[in-house]
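Novice: Got a structure for you, final.txt, holding compact mmCIF, C-alpha atoms.
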```
# COMPACT_ATOMS: atom_id res chain seq x y z
CA MET A 1 -91.89 3.94 -150.69
CA SER A 2 -93.46 2.29 -147.69
CA LYS A 3 -97.06 2.49 -146.58
CA LEU A 4 -97.17 4.25 -143.23
CA LEU A 5 -99.57 4.41 -140.32
CA LEU A 6 -99.52 7.72 -138.46
CA VAL A 7 -101.06 7.89 -134.98
CA GLU A 8 -101.31 11.47 -133.67
CA ASP A 9 -104.12 13.01 -131.62
CA ASP A 10 -103.19 16.66 -132.25
CA PRO A 11 -105.07 17.56 -135.47
CA ALA A 12 -102.65 20.33 -136.49
CA LEU A 13 -99.56 18.19 -136.00
CA GLN A 14 -101.20 15.21 -137.69
CA PHE A 15 -102.03 17.38 -140.71
CA THR A 16 -98.49 18.78 -140.85
CA ILE A 17 -96.84 15.35 -140.70
CA LEU A 18 -99.36 13.78 -143.08
CA THR A 19 -98.89 16.54 -145.65
CA ALA A 20 -95.08 16.39 -145.45
CA LEU A 21 -95.03 12.61 -145.84
CA GLU A 22 -97.47 12.61 -148.75
CA GLU A 23 -95.40 15.31 -150.48
CA LYS A 24 -92.44 12.92 -150.19
CA GLY A 25 -94.48 10.22 -151.92
CA TYR A 26 -95.52 8.09 -148.96
CA GLN A 27 -98.96 6.52 -148.73
CA VAL A 28 -100.13 7.44 -145.24
CA ASP A 29 -103.13 6.32 -143.21
CA ALA A 30 -103.65 8.70 -140.29
CA VAL A 31 -105.68 8.02 -137.14
CA SER A 32 -106.04 9.86 -133.85
CA THR A 33 -106.80 7.10 -131.31
CA THR A 34 -105.05 3.93 -130.19
CA GLU A 35 -108.24 1.96 -130.87
CA ASP A 36 -108.26 3.12 -134.51
CA ALA A 37 -104.53 2.41 -134.81
CA ILE A 38 -104.83 -1.12 -133.48
CA GLY A 39 -107.82 -1.71 -135.75
CA ARG A 40 -105.86 -0.53 -138.79
CA LEU A 41 -102.94 -2.75 -137.85
CA GLY A 42 -105.34 -5.70 -137.90
CA ASP A 43 -106.60 -4.76 -141.36
CA GLY A 44 -103.35 -4.75 -143.24
CA PRO A 45 -99.59 -4.60 -143.20
CA TYR A 46 -97.76 -1.42 -142.33
CA PRO A 47 -93.99 -1.71 -142.63
CA ILE A 48 -93.62 1.55 -140.67
CA VAL A 49 -95.77 2.99 -137.88
CA ILE A 50 -95.28 6.47 -136.45
CA SER A 51 -97.08 7.02 -133.17
CA ASP A 52 -97.36 9.61 -130.48
CA ILE A 53 -96.90 7.99 -127.09
CA TYR A 54 -99.50 9.88 -125.06
CA ILE A 55 -102.71 9.62 -127.10
CA ASP A 56 -105.69 8.63 -124.97
CA GLU A 57 -106.36 6.13 -122.17
CA ARG A 58 -103.95 3.79 -123.97
CA THR A 59 -100.56 4.79 -125.31
CA GLY A 60 -98.24 4.49 -128.23
CA LEU A 61 -96.61 1.63 -126.35
CA ASP A 62 -99.85 -0.30 -126.91
CA VAL A 63 -99.62 0.57 -130.61
CA LEU A 64 -95.99 -0.61 -130.60
CA ASP A 65 -97.01 -3.93 -129.05
CA ALA A 66 -99.86 -4.45 -131.54
CA ALA A 67 -97.63 -3.57 -134.49
CA LYS A 68 -94.90 -5.98 -133.39
CA ARG A 69 -97.41 -8.79 -132.81
CA LYS A 70 -98.80 -8.27 -136.33
CA ASP A 71 -95.36 -7.97 -137.97
CA PRO A 72 -92.21 -8.47 -135.88
CA HIS A 73 -90.24 -6.61 -138.56
CA CYS A 74 -92.47 -3.52 -138.41
CA SER A 75 -90.45 -0.38 -137.69
CA VAL A 76 -92.23 1.69 -135.07
CA ILE A 77 -91.14 5.27 -134.54
CA LEU A 78 -92.46 6.78 -131.32
CA MET A 79 -92.69 10.49 -130.62
CA THR A 80 -93.57 12.49 -127.52
CA GLY A 81 -93.28 15.89 -125.97
CA ARG A 82 -93.29 14.62 -122.41
CA GLY A 83 -91.25 11.46 -122.32
CA THR A 84 -89.41 10.12 -119.33
CA MET A 85 -86.46 7.78 -119.04
CA GLU A 86 -88.94 5.02 -118.12
CA THR A 87 -90.88 5.66 -121.33
CA VAL A 88 -87.71 5.55 -123.41
CA MET A 89 -86.70 2.28 -121.76
CA ALA A 90 -90.16 0.76 -122.31
CA ALA A 91 -90.06 1.80 -125.96
CA THR A 92 -86.62 0.26 -126.36
CA ARG A 93 -87.62 -2.98 -124.64
CA GLY A 94 -90.73 -3.12 -126.84
CA GLY A 95 -88.63 -2.95 -129.97
CA ALA A 96 -89.22 0.63 -131.11
CA PHE A 97 -87.06 1.55 -134.09
CA ASP A 98 -86.62 5.15 -132.99
CA TYR A 99 -87.81 7.65 -130.40
CA ILE A 100 -88.28 11.29 -131.36
CA ALA A 101 -88.76 14.12 -128.85
CA LYS A 102 -91.29 16.82 -129.72
CA PRO A 103 -91.01 19.44 -130.98
CA PHE A 104 -88.91 18.20 -133.87
CA GLU A 105 -87.99 19.27 -137.35
CA LEU A 106 -89.72 17.25 -140.06
CA ASP A 107 -86.29 16.34 -141.44
CA VAL A 108 -85.64 14.37 -138.23
CA MET A 109 -88.76 12.28 -138.84
CA LEU A 110 -88.00 11.84 -142.53
CA ASP A 111 -84.49 10.66 -141.65
CA ALA A 112 -85.92 8.10 -139.20
CA ILE A 113 -88.35 6.83 -141.84
CA GLU A 114 -85.59 6.53 -144.45
CA ARG A 115 -83.42 4.61 -141.97
CA ALA A 116 -86.37 2.33 -141.14
CA GLU A 117 -86.96 1.64 -144.83
CA ALA A 118 -83.27 0.88 -145.39
CA ALA A 119 -83.17 -1.46 -142.40
CA ARG A 120 -86.27 -3.32 -143.58
CA ASN A 121 -84.95 -3.63 -147.14
CA SER A 122 -81.66 -4.95 -145.80
CA ALA A 123 -83.44 -7.50 -143.60
CA GLU A 124 -85.62 -8.64 -146.51
CA GLU A 125 -82.55 -9.05 -148.74
CA GLU A 126 -80.81 -11.13 -146.07
CA ALA A 127 -83.91 -13.32 -145.68
CA GLU A 128 -83.92 -14.01 -149.43
CA GLU A 129 -80.30 -15.21 -149.42
```
Please rewrite the model in this file as C-alpha cells.
Specialist:
Amino acid sequence: MSKLLLVEDDPALQFTILTALEEKGYQVDAVSTTEDAIGRLGDGPYPIVISDIYIDERTGLDVLDAAKRKDPHCSVILMTGRGTMETVMAATRGGAFDYIAKPFELDVMLDAIERAEAARNSAEEEAEE
C-alpha cells in the first residue's frame, strides 16, 4: 500500500478520511495547510497526494504543482465542494490524476486511490522493461 499525504483543512473531514484510509492499511500523513503540505512534500516521497483545493491563501493547485515538481509520477487527487470549470481545467492541465466533488462517498476516494496505485505500478513495471 502506498504512503499518502492528505491535505484537508476541515478537521472533521480530515479525521473521517484519515481514519478510513488507515483502516484500509494506508500510511497517511495529514496536514491542514498548503505550507505544511509543501513542506512534507520536500521531506519525502509520497506516491499519492489527496488535497482539498480551497485550503487557505494558497490552494490545492499549489500542492499539485509542488508534488509534480518533486515527483512527476506522483498521483494527485484533488477534491472540492465549490469547484468551477476553470478549476477543473487548471487541475487537468497541472496533471491531477483525479478530481472529486464534495460531498462524496468514501468508496469514490478509495476507488481513485486504487486506480492511482495501479497506474503507478504499471508505469514502474514499464520503466523496468
Novice: Got a sec: who's within 9 Å of Phe15 (chain A), counting all atoms listed in the file, leaving out chain neighbours fewer than 5 positions off, as a VMD selection string?
Specialist: chain A and resid 10 20 30
Novice: For the residues selected in the previous step, produce a file with C-alpha atoms as an mmCIF file, in the frame of the given file.
Specialist:
```
data_model
loop_
_atom_site.group_PDB
_atom_site.id
_atom_site.type_symbol
_atom_site.label_atom_id
_atom_site.label_comp_id
_atom_site.auth_asym_id
_atom_site.auth_seq_id
_atom_site.Cartn_x
_atom_site.Cartn_y
_atom_site.Cartn_z
ATOM 1 C CA ASP A 10 -103.190 16.660 -132.250
ATOM 2 C CA ALA A 20 -95.080 16.390 -145.450
ATOM 3 C CA ALA A 30 -103.650 8.700 -140.290
#
```
Novice: Do a neighbour search on region 42-53 of chain A at 7 Å with only C-alpha atoms, toss out local chain neighbours closer than 4 positions, and write the hits as a list of chain:residue names.
Specialist: A:Ser2, A:Lys3, A:Leu4, A:Leu5, A:Leu6, A:Val7, A:Glu8, A:Ile38, A:Thr59, A:Gly60, A:Leu61, A:Cys74, A:Ser75, A:Val76, A:Ile77, A:Leu78, A:Met79, A:Thr80
Novice: Using only C-alpha atoms, which of the listed residues (A:Glu105, A:Glu126, A:Asp98, A:Asp62) sits closest to Thr34 (chain A)?
Specialist: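 Closest to Thr34 (chain A), using only C-alpha atoms: A:Asp62.
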Novice: List the neighbours of Gly94 (chain A) out to 9 Å using all atoms listed in the file; skip same-chain residues closer than 2 positions along the sequence, and give me the result as a ChimeraX atom specification.
Specialist: /A:61,64-65,68,89-92,96
Novice: Quick one: distance from CA of Val28 (chain A) to CA of Met109 (chain A) in Å, one decimal?
Specialist: 13.9 Å
Novice: So that I can see what lies close to Ile17 (chain A), please list as JSON, numbers by chain the residues with an atom at most 9 Å from it, counting only C-alpha atoms and leaving out residues fewer than 4 positions away in the same chain.
Specialist: {"A": [6, 12, 13, 21, 22, 106, 109]}
Novice: By how many Å are CA of Ser32 (chain A) and CA of Asp56 (chain A) apart?
Specialist: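 Between CA of Ser32 (chain A) and CA of Asp56 (chain A) the gap works out to 9.0 Å.
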Novice: How far is it from CA of Lys70 (chain A) to CA of Leu41 (chain A), in Å with one decimal?
Specialist: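 Result for CA of Lys70 (chain A) versus CA of Leu41 (chain A): 7.1 Å, one decimal.
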Novice: Could you list, as a list in words, every residue within 9 Å of Gly83 (chain A), counting all atoms listed in the file and ignoring same-chain residues fewer than 5 positions away?
Specialist: Ile53, Tyr54, Val88 and Ala101 of chain A
Novice: Can you report as lines of an AutoDock Vina configuration file the centre and edge lengths in Å, to one decimal, of an axis-aligned box around the listed atoms of region 30-42 of chain A padded with 3 Å on each side?
Specialist:
```
center_x = -105.6
center_y = 2.1
center_z = -135.2
size_x = 11.3
size_y = 21.6
size_z = 16.1
```
Novice: Between A:Glu35, A:Tyr99, A:His73, A:Asp107, which one has atoms that come closest to Ala119 (chain A), using only C-alpha atoms?
Specialist: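 Once distances to Ala119 (chain A) are computed over only C-alpha atoms, the minimum belongs to A:His73.
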